[in-house]
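A.B. asks: Input: one structure, supplied below.
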Amino acid sequence: MKILHLMLANFYIDNYSYQENLLPKFHKLNGNNVEIIASLFTFDENGCGKWLPHADKYINEYGIPVTRLAFSNAPFSRKLRKYEGLAEELDRVSPDVIFIHGVQFSDISIVVKYLKKNRSVRVFVDNHADFSNSAKSWISKYILHQIIWRHYAQMINPYVKRFYGVLPARVDFLSNVYGIPREKIKLLVMGADDEAVHFAASSDARKNIRKKYNIDENDFLIMNGGKIDNYKRQTLLLMDAVNNFNNPKVKLIVFGSVIPELKKEIEKRCSDRVQYIGWIRAEESYSYFAACDLACFPGRHSVFWEQVVGQGIPIIVKKWTGTTHVNVCGNARFLEKDSVKEITDVLRDILIGNNYNKILSAAKKASINFMYSDIAKKSIT
């Protein structure tokens with residue numbers, strides 16, 4: 001079966017472990033012929049967004065052909081996401097299945113023209129937008145999303161077998177903002193790369209990383225990772241909580257890029273208990289999380305939440321509407337306030353008596369629900 005992934009609504013970043021990378025990988029591993037058509041938007045080596053200089057064709061790290069399309073010369077093409085050559089590429093690929101990552105591009109109209117001529121093609125659309133990362137200003141909410149992107153969502157709707165929200169909040173966004181019928185929408189969770197999970201768990205990652213950062217085997221190591229920006233300022237509260245915790249064996253490692261205005265705040269909180277180690281490569285994150293006893297994400301949602309659950313690691317996360325799906329069977333604890341005291345209280349409760357062993361056992365059971373080998377199969381059925 002020929003599966004085409006369209007990544008024209010936002011970014012596509014080679015050598016990362018986002019859903020946009022792992023769904024095509026596992027579609028191919030499951031025996032399908034896979035191609036990707038993507039925008040020029042990617043990340044640089046520091047995890048910051050950038051635009052590639054020109055259209056391109058190449059084979060990615062999983063042996064999947066990738067076509068990068070440049071924007072057209074039409075007015076506002078970058079804002080409205082209009083591209084050069086999409087119609088020709090659809091004809092060339094001639095897919096059996098099109099998986100569209102996001103409806104927020106006006107060249108949906110080109111896809112619809114193709115589908116009108118090729119009625120046998122099955123179409124699936126996912127959504128990564130919710131009110132935590134989109135529709136924040138009046139113009140964005142009422143013009144861009146409720147008029148423009150809703151228009152293109154409605155345009156593609158008759159040809160779509162299934163819409164997916166990758167969080168419960170993003171299921172709601174599809175229905176409430178774009179007007180997609182509830183019966184056509186399902187939750188398709190993000191997750192973890194099976195191969196990376198198994199490698200990290202079976203390797204010496206735990207021992208080597210703890211040794212590298214002077215963490216004893218009997219220390220209780222908490223891990224936090226991802227881009228640290230104004231939406232994740234709560235990382236500072238986590239650092240304070242660990243620095244002041246009444247058990248000196250509790251340690252914290254934080255990795256990821258930091259916006260300039262928070263860098264000094266992060267650095268001044270580093271101590272013999274708390275380390276900030278900078279940016280690491282996406283593929284390394286599995287090994288770093290495998291080295292910890294608990295992961296804590298006190299800020300906005302990150303794809304690391306689902307990855308960590310897939311790795312069978314207990315987590316503490318901020319409670320956001322529509323993100324409690326990561327708690328399958330007691331593997332997660334939630335923070336409802338932005339406070340050092342609450343983080344300290346939750347940590348203390350986890351470490352009392354047999355509580356940690358209970359949450360660890362639950363985390364092992366929950367992991368099977370977040371493996372991309374299974375998610376990839378579900379995504380096209």
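In the structure tokens, chains take letters A, B, ... by order of appearance, with residues numbered from 1 within each chain and ligands from 1 in the order shown.
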Tell me, as a list in words, which residues lie within 12 Å of A:Glu195, counting only C-alpha atoms; anything in the same chain fewer than 6 positions away does not count.
C.D. replies: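 The contact residues come out as Ser17, Leu22, Lys25, Phe26, Leu29, Ala201, Ser202, Ser203, Glu283, Tyr286, Ser287, Gly310, Gln311, Met371, Tyr372 and Ser373 of chain A.
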A.B. asks: Do a neighbour search on A:Ile108 at 10 Å with only C-alpha atoms, toss out local chain neighbours closer than 2 positions, and write the hits as number ranges by chain.
C.D. replies: A: 8-9, 81-82, 86, 100, 102-106, 110-114, 149, 151-153, 155-156
A.B. asks: Can I get the selection written as a PDB file, in the first residue's frame, with C-alpha atoms?
C.D. replies:
ATOM      1  CA  LEU A   8       2.320  21.290   4.806  1.00  0.00           C
ATOM      2  CA  ALA A   9       0.472  22.884   7.730  1.00  0.00           C
ATOM      3  CA  ARG A  81       0.664  28.050   3.083  1.00  0.00           C
ATOM      4  CA  LYS A  82       0.379  27.841  -0.671  1.00  0.00           C
ATOM      5  CA  LEU A  86       1.751  20.069  -5.032  1.00  0.00           C
ATOM      6  CA  ILE A 100      -2.673  14.852   6.282  1.00  0.00           C
ATOM      7  CA  GLY A 102      -3.064  19.401  10.058  1.00  0.00           C
ATOM      8  CA  VAL A 103      -5.715  21.162   7.959  1.00  0.00           C
ATOM      9  CA  GLN A 104      -4.115  24.592   8.362  1.00  0.00           C
ATOM     10  CA  PHE A 105      -2.926  25.112   4.789  1.00  0.00           C
ATOM     11  CA  SER A 106      -4.844  26.555   1.857  1.00  0.00           C
ATOM     12  CA  ILE A 110      -5.346  21.191  -4.405  1.00  0.00           C
ATOM     13  CA  VAL A 111      -5.732  17.942  -2.452  1.00  0.00           C
ATOM     14  CA  VAL A 112      -9.520  18.104  -2.858  1.00  0.00           C
ATOM     15  CA  LYS A 113      -9.186  18.518  -6.630  1.00  0.00           C
ATOM     16  CA  TYR A 114      -6.996  15.415  -6.682  1.00  0.00           C
ATOM     17  CA  TRP A 149      -8.849  27.025   8.538  1.00  0.00           C
ATOM     18  CA  HIS A 151     -13.208  26.579   5.633  1.00  0.00           C
ATOM     19  CA  TYR A 152     -10.446  24.199   4.536  1.00  0.00           C
ATOM     20  CA  ALA A 153     -11.401  21.629   7.169  1.00  0.00           C
ATOM     21  CA  MET A 155     -13.647  21.467   2.255  1.00  0.00           C
ATOM     22  CA  ILE A 156     -11.704  18.246   2.906  1.00  0.00           C
TER      23      ILE A 156
END
A.B. asks: Work out how far apart atom CA of A:Tyr231 and atom CA of A:Trp279 are and give it in Å to one decimal.
C.D. replies: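 Interatomic distance, atom CA of A:Tyr231 to atom CA of A:Trp279: 17.7 Å.
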A.B. asks: Give me, please, the distance in Å between atom CA of A:Ile368 and atom CA of A:Gly165, quoted to one decimal.
C.D. replies: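 Distance reported for this atom pair: 19.6 Å.
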A.B. asks: Just want the 7 Å neighbourhood of A:Ala38, counted on only C-alpha atoms, with same-chain residues fewer than 5 positions away dropped. Output as number ranges by chain.
C.D. replies: A: 6-8, 12, 67-69
A.B. asks: I need the residues in stretch 63-245 of chain A that are alpha helix (DSSP H) according to DSSP; give them as number ranges by chain.
C.D. replies: A: 77-80, 86-93, 108-117, 138, 150-156, 168-176, 194-202, 205-212, 234-243
A.B. asks: At a cut-off of 10 Å, using only C-alpha atoms, what residues contact A:Thr381? Leave out same-chain residues fewer than 3 positions from it and give the result as number ranges by chain.
C.D. replies: A: 122, 124, 161-162, 376-378
A.B. asks: Please list as a list in words every residue within 10 Å of A:Thr323, counting only C-alpha atoms and excluding residues in the same chain fewer than 6 positions away.
C.D. replies: Val166, Leu167, Pro168, Ala169, Arg170, Arg300, His301, Trp305 and Val317 of chain A
A.B. asks: Could you please take those selected residues and save N, CA, C and O atoms as an mmCIF file, in the first residue's frame?
C.D. replies:
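Once everything was written out, this is part_24.cif:
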data_model
loop_
_atom_site.group_PDB
_atom_site.id
_atom_site.type_symbol
_atom_site.label_atom_id
_atom_site.label_comp_id
_atom_site.auth_asym_id
_atom_site.auth_seq_id
_atom_site.Cartn_x
_atom_site.Cartn_y
_atom_site.Cartn_z
ATOM 1 N N VAL A 166 -4.718 14.526 18.474
ATOM 2 C CA VAL A 166 -3.624 13.808 19.124
ATOM 3 C C VAL A 166 -3.617 14.027 20.638
ATOM 4 O O VAL A 166 -2.792 13.434 21.344
ATOM 5 N N LEU A 167 -4.515 14.881 21.129
ATOM 6 C CA LEU A 167 -4.827 15.016 22.550
ATOM 7 C C LEU A 167 -6.344 15.127 22.650
ATOM 8 O O LEU A 167 -6.999 15.567 21.692
ATOM 9 N N PRO A 168 -6.929 14.788 23.788
ATOM 10 C CA PRO A 168 -8.378 15.014 23.934
ATOM 11 C C PRO A 168 -8.772 16.459 23.658
ATOM 12 O O PRO A 168 -9.817 16.717 23.052
ATOM 13 N N ALA A 169 -7.918 17.417 24.067
ATOM 14 C CA ALA A 169 -8.206 18.831 23.800
ATOM 15 C C ALA A 169 -8.216 19.112 22.304
ATOM 16 O O ALA A 169 -8.933 20.023 21.840
ATOM 17 N N ARG A 170 -7.458 18.359 21.538
ATOM 18 C CA ARG A 170 -7.371 18.580 20.105
ATOM 19 C C ARG A 170 -8.496 17.872 19.356
ATOM 20 O O ARG A 170 -8.830 18.256 18.233
ATOM 21 N N ARG A 300 3.631 23.444 30.081
ATOM 22 C CA ARG A 300 2.714 23.088 28.994
ATOM 23 C C ARG A 300 3.058 21.724 28.409
ATOM 24 O O ARG A 300 4.188 21.248 28.507
ATOM 25 N N HIS A 301 2.072 21.122 27.767
ATOM 26 C CA HIS A 301 2.241 19.784 27.206
ATOM 27 C C HIS A 301 3.424 19.707 26.252
ATOM 28 O O HIS A 301 3.705 20.638 25.497
ATOM 29 N N TRP A 305 5.815 13.858 27.137
ATOM 30 C CA TRP A 305 4.877 13.215 28.068
ATOM 31 C C TRP A 305 4.559 11.800 27.596
ATOM 32 O O TRP A 305 4.704 10.832 28.338
ATOM 33 N N VAL A 317 2.908 15.637 35.857
ATOM 34 C CA VAL A 317 2.663 16.628 34.800
ATOM 35 C C VAL A 317 1.653 17.663 35.274
ATOM 36 O O VAL A 317 0.876 17.424 36.191
#
A.B. asks: Excluding A:Ser302 and residues on its chain fewer than 5 positions from it, collect all residues at most 9 Å away from it, counting only C-alpha atoms, and give them as a PyMOL selection string.
C.D. replies: chain A and resi 226-227+297
A.B. asks: Since we have the selection now, will you write its residues out, keeping N, CA, C and O atoms, as a PDB file, in the first residue's frame?
C.D. replies:
ATOM      1  N   GLY A 226      13.059  19.260  27.232  1.00  0.00           N
ATOM      2  CA  GLY A 226      12.279  19.989  26.245  1.00  0.00           C
ATOM      3  C   GLY A 226      12.683  21.442  26.167  1.00  0.00           C
ATOM      4  O   GLY A 226      13.544  21.906  26.916  1.00  0.00           O
ATOM      5  N   LYS A 227      12.065  22.176  25.244  1.00  0.00           N
ATOM      6  CA  LYS A 227      12.353  23.602  25.097  1.00  0.00           C
ATOM      7  C   LYS A 227      11.805  24.359  26.310  1.00  0.00           C
ATOM      8  O   LYS A 227      10.634  24.234  26.647  1.00  0.00           O
ATOM      9  N   PHE A 297       7.119  17.171  34.316  1.00  0.00           N
ATOM     10  CA  PHE A 297       6.883  18.227  33.338  1.00  0.00           C
ATOM     11  C   PHE A 297       5.828  19.170  33.908  1.00  0.00           C
ATOM     12  O   PHE A 297       4.629  18.977  33.679  1.00  0.00           O
TER      13      PHE A 297
END
A.B. asks: For A:Asp193, which residue among A:Gln19, A:Ser271, A:Gln154, A:Asn244 is the nearest when counting only C-alpha atoms?
C.D. replies: A:Gln19
A.B. asks: Please indicate the distance in Å from atom CA of A:Leu347 to atom CA of A:Asp272, rounded to one decimal place.
C.D. replies: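 Atom CA of A:Asp272 lies 18.6 Å from atom CA of A:Leu347.
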A.B. asks: Counting only C-alpha atoms, figure out which residue out of A:Asn230, A:Asn60, A:Asn214, A:Ser39 gets nearest to A:Glu84.
C.D. replies: A:Ser39
A.B. asks: If you count only C-alpha atoms, which residues fall within 10 Å of A:Ser134, apart from same-chain ones fewer than 4 positions away, as a list of chain:residue names?
C.D. replies: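 Residues near the query, excluding close chain neighbours: A:His128, A:Ala129, A:Asp130, A:Ser140, A:Lys141, A:Leu144, A:His145, A:Phe173.
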A.B. asks: Looking at A:Lys341, A:Ser367, A:Phe76, A:Ile259, which one is nearest to A:His198, with distances taken over only C-alpha atoms?
C.D. replies: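 Going through A:Lys341, A:Ser367, A:Phe76, A:Ile259 one by one, the smallest distance to A:His198 is for A:Ser367.
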